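Trainee: Just so it is clear, I am handing over coords22.txt, which has compact mmCIF, C-alpha atoms and all ligand atoms.
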```txt
# COMPACT_ATOMS: atom_id res chain seq x y z
CA MET H 742 -63.80 106.86 -129.25
CA LYS H 743 -63.94 106.16 -132.94
CA SER H 744 -60.20 105.63 -133.25
CA LEU H 745 -60.32 102.77 -130.75
CA ILE H 746 -62.11 100.65 -133.29
CA PHE H 747 -59.00 100.61 -135.41
CA VAL H 748 -56.62 99.56 -132.68
CA PRO H 749 -57.04 95.82 -133.25
CA LEU H 750 -56.59 96.33 -136.97
CA LEU H 751 -53.32 98.18 -136.50
CA ALA H 752 -52.17 95.72 -133.89
CA SER H 753 -52.76 92.78 -136.17
CA LYS H 754 -50.94 94.55 -138.96
CA ALA H 755 -47.86 95.24 -136.88
CA PHE H 756 -47.78 91.61 -135.86
CA ALA H 757 -49.05 90.14 -139.08
CA TRP H 758 -50.15 86.55 -139.37
CA GLY H 759 -47.37 84.24 -140.27
CA VAL H 760 -44.55 86.72 -139.95
CA ALA H 761 -43.68 85.91 -136.34
CA GLY H 762 -43.53 82.17 -136.95
CA HIS H 763 -41.08 82.61 -139.80
CA GLU H 764 -38.95 85.09 -137.90
CA ILE H 765 -38.80 82.95 -134.77
CA THR H 766 -37.72 79.90 -136.80
CA ALA H 767 -35.01 81.95 -138.52
CA THR H 768 -33.84 83.38 -135.18
CA ILE H 769 -33.51 79.90 -133.67
CA ALA H 770 -31.55 78.82 -136.75
CA GLU H 771 -29.22 81.79 -136.36
CA ILE H 772 -28.42 80.75 -132.78
CA LEU H 773 -27.19 77.42 -134.17
CA LEU H 774 -25.06 78.67 -137.08
CA THR H 775 -21.33 78.22 -136.95
CA ASP H 776 -19.27 81.41 -137.09
CA LYS H 777 -18.05 80.54 -140.56
CA THR H 778 -21.57 80.00 -141.88
CA ARG H 779 -22.77 83.19 -140.28
CA ASP H 780 -19.95 85.23 -141.81
CA GLN H 781 -20.71 83.94 -145.29
CA LEU H 782 -24.46 84.50 -144.97
CA CYS H 783 -23.66 88.01 -143.83
CA GLU H 784 -22.01 88.65 -147.23
CA ILE H 785 -25.12 87.42 -149.06
CA LEU H 786 -27.84 89.15 -147.04
CA PRO H 787 -28.70 92.78 -147.79
CA PRO H 788 -27.04 95.32 -145.42
CA TRP H 789 -30.31 96.36 -143.75
CA THR H 790 -30.62 92.89 -142.21
CA LYS H 791 -27.48 93.59 -140.13
CA CYS H 792 -26.50 89.96 -140.74
CA HIS H 793 -29.70 88.56 -139.24
CA LEU H 794 -31.85 85.93 -140.97
CA ALA H 795 -35.17 86.94 -139.44
CA PRO H 796 -35.65 90.20 -141.40
CA VAL H 797 -35.88 88.27 -144.70
CA ALA H 798 -37.75 85.23 -143.35
CA ALA H 799 -41.23 86.46 -144.35
CA TRP H 800 -40.15 88.13 -147.60
CA ALA H 801 -41.46 85.25 -149.74
CA ASP H 802 -44.97 85.96 -148.40
CA LYS H 803 -44.67 89.73 -148.82
CA ILE H 804 -43.82 89.50 -152.52
CA LYS H 805 -47.01 87.52 -153.12
CA SER H 806 -48.91 90.80 -153.22
CA ASP H 807 -47.15 91.45 -156.53
CA PRO H 808 -48.84 89.51 -159.36
CA TRP H 809 -45.59 88.71 -161.16
CA TRP H 810 -43.93 87.16 -158.12
CA ARG H 811 -47.15 85.51 -157.07
CA SER H 812 -47.70 83.82 -160.42
CA TRP H 813 -44.58 81.68 -160.26
CA THR H 814 -43.86 81.40 -156.53
CA SER H 815 -47.24 80.65 -154.94
CA PRO H 816 -47.20 76.86 -155.62
CA MET H 817 -43.87 76.66 -153.75
CA HIS H 818 -45.44 77.31 -150.34
CA TYR H 819 -47.22 73.98 -149.93
CA VAL H 820 -47.54 70.40 -151.13
CA ASN H 821 -50.78 68.47 -151.60
CA PRO H 822 -50.89 64.68 -151.32
CA ILE H 823 -53.68 63.21 -153.47
CA GLY H 824 -56.55 61.78 -151.42
CA ASP H 825 -55.50 63.43 -148.16
CA TRP H 826 -58.42 64.41 -145.88
CA PRO H 827 -57.41 64.91 -142.25
CA SER H 828 -58.56 63.97 -139.73
CA GLN H 829 -60.61 61.25 -141.47
CA HIS H 830 -57.66 59.80 -143.34
CA CYS H 831 -54.10 60.94 -143.79
CA VAL H 832 -52.44 59.99 -147.07
CA TYR H 833 -48.86 61.02 -147.73
CA GLY H 834 -47.97 60.45 -151.36
CA GLU H 835 -49.11 56.83 -151.60
CA ASP H 836 -51.51 57.94 -154.34
CA GLY H 837 -49.25 60.63 -155.73
CA TRP H 838 -49.25 64.40 -155.37
CA HIS H 839 -51.10 67.31 -156.90
CA MET H 840 -48.69 69.57 -158.80
CA PRO H 841 -45.69 67.27 -158.58
CA GLU H 842 -43.46 69.55 -160.65
CA LYS H 843 -43.58 72.62 -158.43
CA ASN H 844 -44.33 72.53 -154.72
CA LEU H 845 -42.79 72.98 -151.29
CA PHE H 846 -40.46 69.98 -151.60
CA THR H 847 -39.15 70.83 -155.07
CA ALA H 848 -38.68 74.44 -153.94
CA ILE H 849 -36.60 73.45 -150.89
CA ASN H 850 -34.47 71.12 -153.01
CA ASN H 851 -34.16 73.72 -155.76
CA TYR H 852 -32.98 76.52 -153.47
CA THR H 853 -30.71 74.22 -151.47
CA ARG H 854 -28.93 73.58 -154.80
CA ILE H 855 -28.94 77.22 -155.90
CA VAL H 856 -27.89 79.02 -152.70
CA PRO H 857 -24.23 77.93 -152.58
CA ASN H 858 -23.68 78.38 -156.33
CA ALA H 859 -25.48 81.57 -157.31
CA VAL H 860 -24.09 85.09 -157.06
CA GLY H 861 -25.42 88.56 -156.30
CA GLU H 862 -29.13 89.16 -156.13
CA GLU H 863 -29.93 85.66 -157.33
CA GLN H 864 -28.10 84.21 -154.34
CA ASP H 865 -29.72 86.65 -151.93
CA PHE H 866 -33.22 85.75 -153.20
CA ALA H 867 -32.49 82.01 -153.18
CA LEU H 868 -31.38 82.28 -149.54
CA ARG H 869 -34.55 84.19 -148.64
CA PHE H 870 -36.68 81.49 -150.31
CA LEU H 871 -34.81 78.69 -148.56
CA ILE H 872 -35.22 80.30 -145.13
CA HIS H 873 -38.92 80.79 -145.80
CA TYR H 874 -39.80 77.40 -147.24
CA ILE H 875 -38.07 75.43 -144.49
CA GLY H 876 -40.27 77.48 -142.16
CA ASP H 877 -43.41 76.64 -144.18
CA LEU H 878 -42.55 72.93 -143.99
CA HIS H 879 -42.92 73.15 -140.20
CA GLN H 880 -46.44 74.56 -140.35
CA PRO H 881 -48.17 71.21 -140.94
CA LEU H 882 -51.15 72.77 -142.73
CA HIS H 883 -48.78 73.52 -145.63
CA LEU H 884 -48.65 69.75 -146.17
CA THR H 885 -52.33 69.07 -146.79
CA GLY H 886 -54.72 70.20 -149.47
CA ARG H 887 -57.92 69.86 -147.45
CA GLU H 888 -59.68 73.19 -147.95
CA ARG H 889 -56.44 74.87 -149.04
CA GLY H 890 -54.54 73.79 -145.97
CA GLY H 891 -57.34 74.82 -143.63
CA ASN H 892 -57.62 78.33 -145.12
CA GLY H 893 -61.21 77.57 -146.09
CA ILE H 894 -62.23 76.30 -142.64
CA LYS H 895 -63.77 78.97 -140.46
CA VAL H 896 -63.16 78.72 -136.73
CA ARG H 897 -62.94 81.10 -133.79
CA PHE H 898 -59.86 81.67 -131.72
CA GLU H 899 -60.12 83.81 -128.60
CA ARG H 900 -63.59 84.68 -129.97
CA ARG H 901 -62.30 86.20 -133.20
CA ILE H 902 -63.26 84.60 -136.45
CA THR H 903 -60.30 83.25 -138.32
CA SER H 904 -59.44 80.09 -140.23
CA LEU H 905 -57.84 76.89 -139.04
CA HIS H 906 -54.78 77.95 -141.04
CA GLY H 907 -54.82 81.34 -139.32
CA VAL H 908 -54.84 79.69 -135.89
CA TRP H 909 -51.64 77.84 -136.76
CA ASP H 910 -50.01 80.71 -138.65
CA GLY H 911 -50.61 83.23 -135.95
CA GLY H 912 -53.21 82.65 -133.24
CA LEU H 913 -51.33 80.06 -131.22
CA ILE H 914 -47.98 81.85 -131.57
CA THR H 915 -49.40 85.27 -130.74
CA LYS H 916 -51.05 83.85 -127.63
CA ALA H 917 -47.86 82.14 -126.51
CA VAL H 918 -45.80 85.30 -127.06
CA ARG H 919 -48.35 87.38 -125.19
CA GLU H 920 -48.58 85.03 -122.23
CA ILE H 921 -44.91 84.46 -121.58
CA ALA H 922 -43.96 86.48 -118.53
CA ASN H 923 -40.37 85.40 -117.93
CA TYR H 924 -37.19 85.69 -120.04
CA THR H 925 -37.75 89.40 -120.52
CA ARG H 926 -34.09 90.08 -119.71
CA PRO H 927 -30.96 88.99 -121.54
CA VAL H 928 -29.71 85.52 -120.71
CA PRO H 929 -25.99 84.78 -120.20
CA GLU H 930 -25.75 82.72 -123.40
CA LYS H 931 -24.18 85.06 -125.95
CA ARG H 932 -25.30 82.99 -128.95
CA ILE H 933 -28.91 83.56 -128.02
CA GLU H 934 -28.60 87.28 -127.35
CA ARG H 935 -26.58 87.88 -130.50
CA ALA H 936 -29.43 86.51 -132.64
CA LEU H 937 -32.11 88.70 -131.01
CA ARG H 938 -33.17 92.07 -132.39
CA GLY H 939 -35.43 93.60 -129.76
CA ALA H 940 -38.55 91.96 -131.18
CA ILE H 941 -41.77 91.35 -129.26
CA TYR H 942 -41.07 87.61 -129.35
CA ASP H 943 -37.53 87.76 -127.88
CA PRO H 944 -38.63 86.27 -124.51
CA TYR H 945 -40.33 83.42 -126.37
CA VAL H 946 -37.15 82.64 -128.34
CA ARG H 947 -35.10 82.65 -125.11
CA PHE H 948 -37.68 80.31 -123.57
CA ILE H 949 -37.55 77.87 -126.53
CA ALA H 950 -33.75 77.95 -126.73
CA LYS H 951 -33.07 77.59 -123.00
CA GLU H 952 -35.84 75.30 -121.83
CA GLY H 953 -36.25 73.43 -125.13
CA LEU H 954 -32.89 73.07 -126.88
CA LEU H 955 -30.95 73.05 -123.62
CA GLY H 956 -33.61 71.14 -121.70
CA TRP H 957 -36.54 69.07 -122.95
CA TRP H 958 -34.97 68.19 -126.29
CA LYS H 959 -31.25 68.48 -125.58
CA ASP H 960 -30.56 64.82 -126.35
CA GLU H 961 -32.71 64.60 -129.45
CA TYR H 962 -32.54 67.87 -131.30
CA SER H 963 -29.42 67.19 -133.33
CA SER H 964 -31.12 64.06 -134.72
CA TRP H 965 -33.97 66.19 -136.10
CA ALA H 966 -31.71 67.30 -138.94
CA HIS H 967 -30.82 63.75 -139.93
CA CYS H 968 -31.60 62.62 -143.49
CA PRO H 969 -31.75 59.03 -144.74
CA THR H 970 -28.66 58.16 -146.75
CA ASP H 971 -30.17 56.06 -149.54
CA SER H 972 -32.37 57.65 -152.15
CA ALA H 973 -35.24 55.16 -151.88
CA SER H 974 -35.72 55.35 -148.14
CA TRP H 975 -38.14 58.25 -148.32
CA LEU H 976 -40.51 55.91 -150.09
CA LEU H 977 -40.10 53.14 -147.55
CA THR H 978 -40.82 55.39 -144.63
CA ALA H 979 -43.71 57.05 -146.42
CA SER H 980 -45.42 53.78 -147.21
CA GLU H 981 -44.59 51.20 -144.62
CA ASP H 982 -47.32 52.21 -142.19
CA ALA H 983 -49.99 52.17 -144.84
CA ASN H 984 -48.91 49.02 -146.60
CA PRO H 985 -45.82 47.06 -145.58
CA GLN H 986 -45.78 45.22 -148.91
CA LEU H 987 -44.92 48.44 -150.69
CA ARG H 988 -41.48 48.16 -149.17
CA PHE H 989 -40.72 45.29 -151.47
CA ASN H 990 -43.02 45.86 -154.40
CA ARG H 991 -42.38 49.43 -155.42
CA PRO H 992 -38.73 50.35 -155.87
CA SER H 993 -38.38 54.05 -156.52
CA SER H 994 -37.10 53.52 -160.05
CA GLY H 995 -40.50 52.10 -160.94
CA LEU H 996 -42.30 55.22 -159.86
CA PRO H 997 -43.75 57.61 -162.39
CA VAL H 998 -41.42 60.54 -163.09
CA SER H 999 -43.95 62.92 -161.57
CA THR H 1000 -43.62 61.26 -158.17
CA ARG H 1001 -39.86 60.89 -158.36
CA SER H 1002 -39.52 64.67 -158.68
CA LEU H 1003 -40.67 64.93 -155.06
CA ALA H 1004 -38.15 62.41 -153.79
CA ASP H 1005 -35.36 63.59 -151.55
CA ASP H 1006 -31.96 63.95 -153.16
CA PRO H 1007 -29.35 62.05 -151.12
CA LEU H 1008 -26.71 64.55 -152.27
CA LEU H 1009 -28.46 67.41 -150.54
CA PRO H 1010 -28.41 68.20 -146.80
CA ALA H 1011 -32.19 68.84 -146.86
CA CYS H 1012 -34.76 66.02 -147.08
CA PRO H 1013 -38.15 67.77 -147.03
CA ASN H 1014 -40.10 64.66 -148.02
CA HIS H 1015 -38.64 62.63 -145.15
CA TRP H 1016 -38.95 65.46 -142.62
CA GLY H 1017 -42.45 66.25 -143.83
CA GLN H 1018 -43.87 62.84 -143.08
CA ALA H 1019 -44.09 63.16 -139.30
CA LEU H 1020 -45.15 66.80 -139.65
CA HIS H 1021 -47.94 65.86 -142.03
CA ALA H 1022 -49.15 63.15 -139.63
CA LEU H 1023 -49.91 65.85 -137.05
CA ASN H 1024 -52.84 66.94 -139.22
CA CYS H 1025 -54.63 63.69 -138.39
CA GLU H 1026 -53.32 63.42 -134.84
CA ILE H 1027 -54.17 66.84 -133.50
CA ILE H 1028 -54.51 69.73 -135.93
CA PHE H 1029 -57.91 68.97 -137.50
CA PRO H 1030 -60.32 68.64 -134.57
CA PRO H 1031 -63.10 66.11 -135.27
CA GLN H 1032 -65.84 68.69 -134.68
CA LEU H 1033 -64.86 70.30 -137.99
CA ASP H 1034 -66.30 67.28 -139.75
CA THR H 1035 -69.86 67.77 -138.50
CA PRO H 1036 -71.75 69.85 -141.05
CA ASN H 1037 -71.71 73.56 -140.27
CA PRO H 1038 -75.22 74.98 -140.63
CA HIS H 1039 -73.99 78.53 -141.10
CA LYS H 1040 -73.15 79.73 -144.60
CA SER H 1041 -71.33 83.06 -144.97
CA SER H 1042 -73.50 85.87 -146.25
CA TRP H 1043 -72.10 88.05 -149.08
CA ILE H 1044 -71.38 90.90 -146.65
CA GLU H 1045 -69.36 88.58 -144.45
CA LYS H 1046 -67.40 87.40 -147.45
CA VAL H 1047 -66.60 90.99 -148.46
CA LEU H 1048 -65.56 91.94 -144.92
CA ASP H 1049 -63.49 88.80 -144.64
CA LYS H 1050 -61.71 89.57 -147.92
CA THR H 1051 -61.08 93.24 -147.10
CA VAL H 1052 -60.35 93.36 -143.36
CA GLY H 1053 -59.64 89.72 -142.66
CA PHE H 1054 -62.45 89.05 -140.22
CA VAL H 1055 -66.11 89.79 -139.55
CA PHE H 1056 -67.16 92.11 -136.76
CA ASN H 1057 -70.20 90.17 -135.67
CA PRO H 1058 -69.04 86.70 -134.75
CA ARG H 1059 -71.60 83.99 -135.28
CA PRO H 1060 -71.84 81.47 -132.46
CA ASP H 1061 -71.61 78.45 -134.71
CA TYR H 1062 -67.92 78.46 -135.65
CA PRO H 1063 -66.07 76.19 -133.23
CA GLU H 1064 -63.87 77.99 -130.71
CA LEU H 1065 -60.39 76.43 -130.67
CA ASN H 1066 -59.01 78.24 -127.66
CA THR H 1067 -60.21 75.47 -125.37
CA PRO H 1068 -58.40 73.24 -122.87
CA GLU H 1069 -58.95 70.26 -125.20
CA TYR H 1070 -57.42 71.97 -128.23
CA ALA H 1071 -55.14 74.94 -127.50
CA GLY H 1072 -54.52 73.67 -123.97
CA ARG H 1073 -53.37 70.28 -125.18
CA ILE H 1074 -51.13 71.87 -127.82
CA ARG H 1075 -49.54 74.06 -125.15
CA ASN H 1076 -49.05 71.14 -122.75
CA GLU H 1077 -47.37 69.10 -125.46
CA LYS H 1078 -45.24 72.15 -126.39
CA LEU H 1079 -46.15 71.41 -129.96
CA VAL H 1080 -45.84 74.93 -131.39
CA GLU H 1081 -42.51 75.47 -129.65
CA LYS H 1082 -41.25 72.14 -130.97
CA LEU H 1083 -42.28 72.92 -134.55
CA LEU H 1084 -40.54 76.30 -134.40
CA ALA H 1085 -37.43 74.70 -132.89
CA MET H 1086 -37.39 71.87 -135.44
CA GLY H 1087 -37.60 74.33 -138.30
CA GLY H 1088 -34.74 76.32 -136.80
CA VAL H 1089 -32.53 73.30 -136.17
CA ARG H 1090 -33.05 71.97 -139.70
CA LEU H 1091 -32.50 75.33 -141.35
CA ALA H 1092 -29.27 75.77 -139.39
CA ALA H 1093 -28.12 72.26 -140.29
CA VAL H 1094 -28.73 72.86 -144.00
CA LEU H 1095 -26.95 76.21 -143.98
CA ASN H 1096 -24.02 74.88 -141.93
CA ASP H 1097 -23.68 71.99 -144.35
CA LEU H 1098 -23.70 74.31 -147.38
CA PHE H 1099 -21.32 76.93 -146.00
CA ASP H 1100 -19.22 75.13 -143.41
CA PRO H 1101 -19.14 71.45 -144.42
CA GLN H 1102 -16.91 70.61 -141.46
CA ALA H 1103 -20.02 70.90 -139.37
CA ASP H 1104 -20.87 67.55 -140.95
CA GLY H 1105 -24.50 68.33 -141.69
CA LYS H 1106 -25.29 68.79 -138.04
CA ALA H 1107 -26.32 71.96 -136.34
CA ARG H 1108 -23.35 72.49 -134.10
CA GLU H 1109 -23.71 71.34 -130.53
CA LEU H 1110 -24.21 74.46 -128.53
CA THR H 1111 -21.34 75.43 -126.29
CA TRP H 1112 -22.61 77.47 -123.40
C1 LIG K 1201 -35.96 76.98 -159.06
O1 LIG K 1201 -35.52 78.31 -158.79
C2 LIG K 1201 -35.47 79.15 -159.92
C3 LIG K 1201 -34.86 80.49 -159.49
O2 LIG K 1201 -35.67 81.14 -158.57
C4 LIG K 1201 -36.88 79.31 -160.48
O3 LIG K 1201 -36.84 80.11 -161.65
C5 LIG K 1201 -37.48 77.94 -160.80
O4 LIG K 1201 -38.83 78.10 -161.17
C6 LIG K 1201 -37.40 77.05 -159.57
N1 LIG K 1201 -37.88 75.71 -159.90
C7 LIG K 1201 -38.67 75.00 -159.09
C8 LIG K 1201 -39.08 73.65 -159.56
O5 LIG K 1201 -39.06 75.40 -158.00
C1 LIG K 1202 -41.21 80.53 -117.83
O1 LIG K 1202 -42.59 80.56 -118.15
C2 LIG K 1202 -43.12 79.37 -118.71
C3 LIG K 1202 -44.58 79.57 -119.00
O2 LIG K 1202 -44.83 80.74 -119.71
C4 LIG K 1202 -42.95 78.21 -117.75
O3 LIG K 1202 -43.38 77.02 -118.38
C5 LIG K 1202 -41.50 78.08 -117.35
O4 LIG K 1202 -41.36 77.08 -116.38
C6 LIG K 1202 -40.95 79.39 -116.84
N1 LIG K 1202 -39.50 79.22 -116.63
C7 LIG K 1202 -38.85 79.71 -115.58
C8 LIG K 1202 -37.37 79.43 -115.54
O5 LIG K 1202 -39.40 80.34 -114.71
```
Would you mind writing the structure in this file as structure tokens?
Mentor:
Amino acid sequence: MKSLIFVPLLASKAFAWGVAGHEITATIAEILLTDKTRDQLCEILPPWTKCHLAPVAAWADKIKSDPWWRSWTSPMHYVNPIGDWPSQHCVYGEDGWHMPEKNLFTAINNYTRIVPNAVGEEQDFALRFLIHYIGDLHQPLHLTGRERGGNGIKVRFERRITSLHGVWDGGLITKAVREIANYTRPVPEKRIERALRGAIYDPYVRFIAKEGLLGWWKDEYSSWAHCPTDSASWLLTASEDANPQLRFNRPSSGLPVSTRSLADDPLLPACPNHWGQALHALNCEIIFPPQLDTPNPHKSSWIEKVLDKTVGFVFNPRPDYPELNTPEYAGRIRNEKLVEKLLAMGGVRLAAVLNDLFDPQADGKARELTW
């Protein structure tokens, strides 16, 4: 009987937190690549990927276990607006940003510039970073600094103790993948099947591609990849809700250099700052449930902290962490298809950026799917 205890541990390792989300985003992007883009990426990716993007999509997290990689790459996974505290108030750069020189936006811009120009291993690594960070942008908790993007907020999900960040990195996706009962067989669309690799989430990708890209969002998804054409517009859109006067009073040239470094570059096909705004707003709209703001009477004991650090969760769940697998929270997210939409948006934008870099005739748009 003893070995049974370890089953959940092994299971969670095989389907590690965060990995599936990144791989699904990359798989959706691959469906939308033009043939020319795909052929060129195939030359850059290592042979063991068999020309797929998904196998390298979580690499940028894996290397964080190595102190050298971690030391210079860890700030690239997120961006922290100063003064932001969802759900009480959402602030998106109006008061500046923590770590303006190196963050998720500068990383996406940096690797969008490097990927088409580098060679050899440098190009391979830059591509892996770009695939990963466009994925991170679509996990909205990477856009707020409140308790390290929700990593420090203990909650329960399907009774297990995890963090708010963990729920969005893995819990909601794992549940959706587990519960989908249809799309277990190949669909007629060759583009979809060609991007799949026999992964546990294949039915979920078919579901998102067929019912989402070809259904719910078929008229809007190509606009997701749109970027504003003038360099100052990111500032206008970021500020107009909070203070319409900013539109006129704060031209971007008057901004401190530290804030300008986060601005989108109109010469690049990616605009993480512009795309991030609506994603960030989700933290106030839905992601941080208000019950997290009532003081939690339970403080972790030292043994719980050790267990949490070593095995990732505590065996004896306390009743006072809020359960998020409820109709009001997880049920609403499922009904709004929010997780599926975030994964699809990440995929569409990644494909659009790669098509623009490697097959400019695609005109910055993920190609309309021909079925
Ligand atoms: C840009 O990428 C290079 C190559 O990986 C890296 O050395 C540098 O730190 C990056 N800069 C920023 C601001 O992310
Ligand atoms: C497939 O299953 C999902 C729920 O998991 C459902 O929303 C959808 O309508 C189903 N599609 C078909 C074609 O049966």
Trainee: Range 935-938 of chain H: which residues within 12 Å, counting only C-alpha atoms, same-chain residues fewer than 3 positions away excluded, as a PDB file with C-alpha atoms, in the coordinates of the input?
Mentor:
```
ATOM      1  CA  GLU H 764     -38.950  85.090-137.900  1.00  0.00           C
ATOM      2  CA  ILE H 765     -38.800  82.950-134.770  1.00  0.00           C
ATOM      3  CA  THR H 766     -37.720  79.900-136.800  1.00  0.00           C
ATOM      4  CA  ALA H 767     -35.010  81.950-138.520  1.00  0.00           C
ATOM      5  CA  THR H 768     -33.840  83.380-135.180  1.00  0.00           C
ATOM      6  CA  ILE H 769     -33.510  79.900-133.670  1.00  0.00           C
ATOM      7  CA  ALA H 770     -31.550  78.820-136.750  1.00  0.00           C
ATOM      8  CA  GLU H 771     -29.220  81.790-136.360  1.00  0.00           C
ATOM      9  CA  ILE H 772     -28.420  80.750-132.780  1.00  0.00           C
ATOM     10  CA  LEU H 773     -27.190  77.420-134.170  1.00  0.00           C
ATOM     11  CA  LEU H 774     -25.060  78.670-137.080  1.00  0.00           C
ATOM     12  CA  ASP H 776     -19.270  81.410-137.090  1.00  0.00           C
ATOM     13  CA  ARG H 779     -22.770  83.190-140.280  1.00  0.00           C
ATOM     14  CA  THR H 790     -30.620  92.890-142.210  1.00  0.00           C
ATOM     15  CA  LYS H 791     -27.480  93.590-140.130  1.00  0.00           C
ATOM     16  CA  CYS H 792     -26.500  89.960-140.740  1.00  0.00           C
ATOM     17  CA  HIS H 793     -29.700  88.560-139.240  1.00  0.00           C
ATOM     18  CA  LEU H 794     -31.850  85.930-140.970  1.00  0.00           C
ATOM     19  CA  ALA H 795     -35.170  86.940-139.440  1.00  0.00           C
ATOM     20  CA  PRO H 796     -35.650  90.200-141.400  1.00  0.00           C
ATOM     21  CA  THR H 925     -37.750  89.400-120.520  1.00  0.00           C
ATOM     22  CA  ARG H 926     -34.090  90.080-119.710  1.00  0.00           C
ATOM     23  CA  PRO H 927     -30.960  88.990-121.540  1.00  0.00           C
ATOM     24  CA  VAL H 928     -29.710  85.520-120.710  1.00  0.00           C
ATOM     25  CA  PRO H 929     -25.990  84.780-120.200  1.00  0.00           C
ATOM     26  CA  GLU H 930     -25.750  82.720-123.400  1.00  0.00           C
ATOM     27  CA  LYS H 931     -24.180  85.060-125.950  1.00  0.00           C
ATOM     28  CA  ARG H 932     -25.300  82.990-128.950  1.00  0.00           C
ATOM     29  CA  ILE H 941     -41.770  91.350-129.260  1.00  0.00           C
ATOM     30  CA  TYR H 942     -41.070  87.610-129.350  1.00  0.00           C
ATOM     31  CA  ASP H 943     -37.530  87.760-127.880  1.00  0.00           C
ATOM     32  CA  PRO H 944     -38.630  86.270-124.510  1.00  0.00           C
ATOM     33  CA  TYR H 945     -40.330  83.420-126.370  1.00  0.00           C
ATOM     34  CA  VAL H 946     -37.150  82.640-128.340  1.00  0.00           C
ATOM     35  CA  ARG H 947     -35.100  82.650-125.110  1.00  0.00           C
ATOM     36  CA  ALA H 950     -33.750  77.950-126.730  1.00  0.00           C
TER      37      ALA H 950
END
```
Trainee: Please provide as a CSV table (one decimal) with C-alpha atoms, keeping the file's coordinate frame all residues within 12 Å of Met840 in chain H, with the sequence filter that same-chain residues fewer than 2 positions apart are discarded (counting only C-alpha atoms).
Mentor:
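Output file out-v3.csv is given in full below:
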```
chain,number,residue,atom,x,y,z
H,815,SER,CA,-47.2,80.6,-154.9
H,816,PRO,CA,-47.2,76.9,-155.6
H,817,MET,CA,-43.9,76.7,-153.8
H,818,HIS,CA,-45.4,77.3,-150.3
H,819,TYR,CA,-47.2,74.0,-149.9
H,820,VAL,CA,-47.5,70.4,-151.1
H,821,ASN,CA,-50.8,68.5,-151.6
H,822,PRO,CA,-50.9,64.7,-151.3
H,823,ILE,CA,-53.7,63.2,-153.5
H,834,GLY,CA,-48.0,60.4,-151.4
H,837,GLY,CA,-49.2,60.6,-155.7
H,838,TRP,CA,-49.2,64.4,-155.4
H,842,GLU,CA,-43.5,69.6,-160.6
H,843,LYS,CA,-43.6,72.6,-158.4
H,844,ASN,CA,-44.3,72.5,-154.7
H,845,LEU,CA,-42.8,73.0,-151.3
H,846,PHE,CA,-40.5,70.0,-151.6
H,847,THR,CA,-39.2,70.8,-155.1
H,886,GLY,CA,-54.7,70.2,-149.5
H,999,SER,CA,-44.0,62.9,-161.6
H,1000,THR,CA,-43.6,61.3,-158.2
H,1002,SER,CA,-39.5,64.7,-158.7
H,1003,LEU,CA,-40.7,64.9,-155.1
```
Trainee: Give me the box for ligand LIG 1202 (chain K) as lines of an AutoDock Vina configuration file, namely the centre and edge lengths in Å to one decimal of a box along x, y and z that holds every listed atom plus 8 Å on each side.
Mentor:
```
center_x = -41.1
center_y = 78.9
center_z = -117.2
size_x = 23.5
size_y = 19.7
size_z = 21.0
```
Trainee: Please identify all protein, DNA and RNA residues within 8 Å of ligand LIG 1202 (chain K), counting all atoms listed in the file, and report them as a PyMOL selection string.
Mentor: chain H and resi 917+920-924+948+952
Trainee: Given the choices H:Cys783, H:Leu882, H:Gly762, H:Met1086, which gets closest to Ser964 in chain H if the distance is worked out from only C-alpha atoms?
Mentor: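 Between H:Cys783, H:Leu882, H:Gly762, H:Met1086, the residue approaching Ser964 in chain H most closely is H:Met1086.
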Trainee: Counting all atoms listed in the file, which residue out of H:Gly912, H:Pro857, H:Pro1010, H:Pro841 sits closest to ligand LIG 1201 (chain K)?
Mentor: H:Pro841
Trainee: From the options H:Gln880, H:Asn858, H:Ser963, H:Thr814, which residue's atoms come nearest to Ile914 in chain H, counting only C-alpha atoms?
Mentor: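 Nearest to Ile914 in chain H: H:Gln880.
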Trainee: Using only C-alpha atoms, which of H:Leu1009, H:Ala798, H:Trp826, H:Thr915 sits nearest Gly1088 in chain H?
Mentor: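 Of all the options, H:Ala798 lies closest to Gly1088 in chain H.
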Trainee: To one decimal in Å, tell me the separation between CA of Leu1065 in chain H and CA of Phe898 in chain H.
Mentor: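 Result for CA of Leu1065 in chain H versus CA of Phe898 in chain H: 5.4 Å, one decimal.
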Trainee: Could you check the closest approach to ligand LIG 1201 (chain K) for each of H:Arg1090, H:Lys959, H:Arg869, H:His883 and tell me which residue wins, using only C-alpha atoms and all ligand atoms?
Mentor: H:Arg869
